[in-house]
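Worksheet: one structure, shown below.
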Amino acid sequence: MAHNGHRVLDSIKKFDAFSKTIEDAQIRTLSGATISVISFTLILILVVLEFNAYLSPNIEQTLFVDTTRSHKLQINFDLFIPTISCDYLSLDAMDSTGEQHMHIEHNVFKRRMDLDGNPIDEAKKEDITTPKKANATTEKPVETAVAEVTCGSCYGAEFNATHCCNSCQDVVDAYREKRWNPNIHDFEQCKKEQELDKAKEAYALKEACQIYGKIEVNRMSGSFHLAPGKSFSINHIHVHDVQPFLSSTFNTTHVINHLSFGEKIDYASTHPLDGRKAIAEEGGFMFNYYLKIVPTMYVFLNGTVLHTNQFSVTTYQRSVAAGKGEGGMPGVFFSYELSPLMVKITEKSNSIGHLATNICAIVGGIYVVASIIDSFLHSSIRVIRKKVELGKFS
C-alpha cells in the first residue's frame, strides 16, 4: 500500500509547473540583484497606485430627458470691476418672459476696493430700491421755526398742485412714475445734492468694486448683467441712467472670480469661467457671455443626490462707443439657456476581483519581463567573459 501511495504522489508531481533546481546549482549575480530591486520597486509603486484607484469611486455618466420640476435657478457669482466704483454699478436680471428684477442688491454684496484689489471697506448688503408712489393725500412737510420748507418743482411730473419734489430722488421717482426718462443734470435738486460729482467720482479711477452673491431666478432662459448707472424701466424697456457721460467713458474691464449655477463639483464643468480676466482696451466695450446650461444630477457613493448645473460658454465683445460699432450699452452681459437634457453622474465602487486581477497582472508581468532581461544580460556577460579569457574580445 505504501508503495502504491508513493507511485501516486510521483504521478502528481509530474504536473508541477514550478520545477525547482537544487540550490547549489543557482548562481547569484550583481546584474540579477539590480534587476530584482528595480522590479520590486516597480511592483510596489504600481500596486499602491492600483489600490488608490480601487479606493477612488468609478464615475459613470448617463444622459436623459430632464423631467424634474425645479422652480428656481440659483446663480452664484463673484465679479471684480477694477475701473468703476461700487456707487455707480447695478446688477439686473430678467427671464425670457420679460419679468425684470430691478436692483438685486438685497441678494448682492458690494465691497469697495482700491486699484490693487485690496478691500477699502466692509462688504455691504443693500436693500432693493423701488420708486415710491405719490398721491393726493401726500402730507405736506411740517414747518418749523428754524427754516421755512418750500415745495420743490417736479418739472412737469407732479401728480397734482400739492405734489412736491424736494430731493433729487423725488424728481427721479416722479419721472419714472410718468415713464419719462430722467436727466438728473437738469434738476436743481440733483445739483444741490452733488449727484453729478458723485457720478464723476465713480469713473475717476480711484476705486474698484467687487460684487458677489447668490440670486434665484425663474428656471427658464434669461439673462443678467452688470452695468454702470441706475436701472429702471420705461414702457417695458430696460434702460440705465448713464447721463451725462458718453459711453466711451466706461471701461468695463473685469475679472470673473467665480460663476456657477448651483453647487460646485469637481467631476463636471460647473465653473469653466472661474479666474477669467477680460480687458477692455478702451472705454465703451460690451462683453457678452452666451451660456448653455445643462442640468446635472450627481449621485454619491453613499446614495446622496446633488442637483447642480454644468454649462458651456461662448464669448463675444464689441465697442459701443459713440461713432463705433452697432450701438448699445457698455457692461458685462450674461445670457443663459437651459438644455432639455440632464446628465446623471453616478459614483460606483470598484470590484475587489478587478483589484486582485490587476495586482496579479502587475506582479506576473514585471516578473516575466525581468526574468527575460536578466537571462539576456547573464548570457551576454558569459559570452563576453569567455572571449576575454580566450583573448578574442576586442
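FYI, nothing fancy with the C-alpha cells labels: chains A, B, ... in order, residues from 1 per chain, ligands from 1 as they appear.
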List the neighbours of region 296-308 of chain A out to 7 Å using only C-alpha atoms; skip same-chain residues closer than 3 positions along the sequence, and give me the result as JSON, numbers by chain.
-> {"A": [261, 262, 263, 342, 343, 344, 345, 346, 347, 348]}
Write out as an NGL selection string which residues come within 6 Å of Pro330 (chain A) when counting only C-alpha atoms, dropping same-chain ones fewer than 3 positions away.
-> :A and (284-286)
So that I have them on file, write out the residues from the current selection with C-alpha atoms, as a compact mmCIF listing (two decimals), in the first residue's frame.
# COMPACT_ATOMS: atom_id res chain seq x y z
CA GLY A 284 -17.28 101.70 -24.19
CA PHE A 285 -16.96 97.91 -24.55
CA MET A 286 -19.82 95.45 -24.26
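Closest approach to Ser221 (chain A) from the set A:Ala93, A:Ala123, A:Val172, A:Ile256 is made by A:Ala93, with distances taken over only C-alpha atoms.
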Could you tell me how far CA of Lys125 (chain A) lies from CA of Lys214 (chain A), in Å and to one decimal?
->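 These two atoms are separated by 11.8 Å.
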Could you name the residues that touch Ser312 (chain A) at 7 Å or less, counting only C-alpha atoms, but leaving out those on the same chain fewer than 4 positions away, as a list in words?
->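 The residues that qualify are Leu291, Lys292 and Ile293 of chain A.
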What would the file look like if the residues just selected were written as a PDB file, in the first residue's frame with C-alpha atoms?
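Output file part.pdb is given in full below:
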ATOM      1  CA  LEU A 291     -24.121  80.218 -21.643  1.00  0.00           C
ATOM      2  CA  LYS A 292     -25.645  76.818 -22.407  1.00  0.00           C
ATOM      3  CA  ILE A 293     -26.735  75.275 -19.103  1.00  0.00           C
TER       4      ILE A 293
END
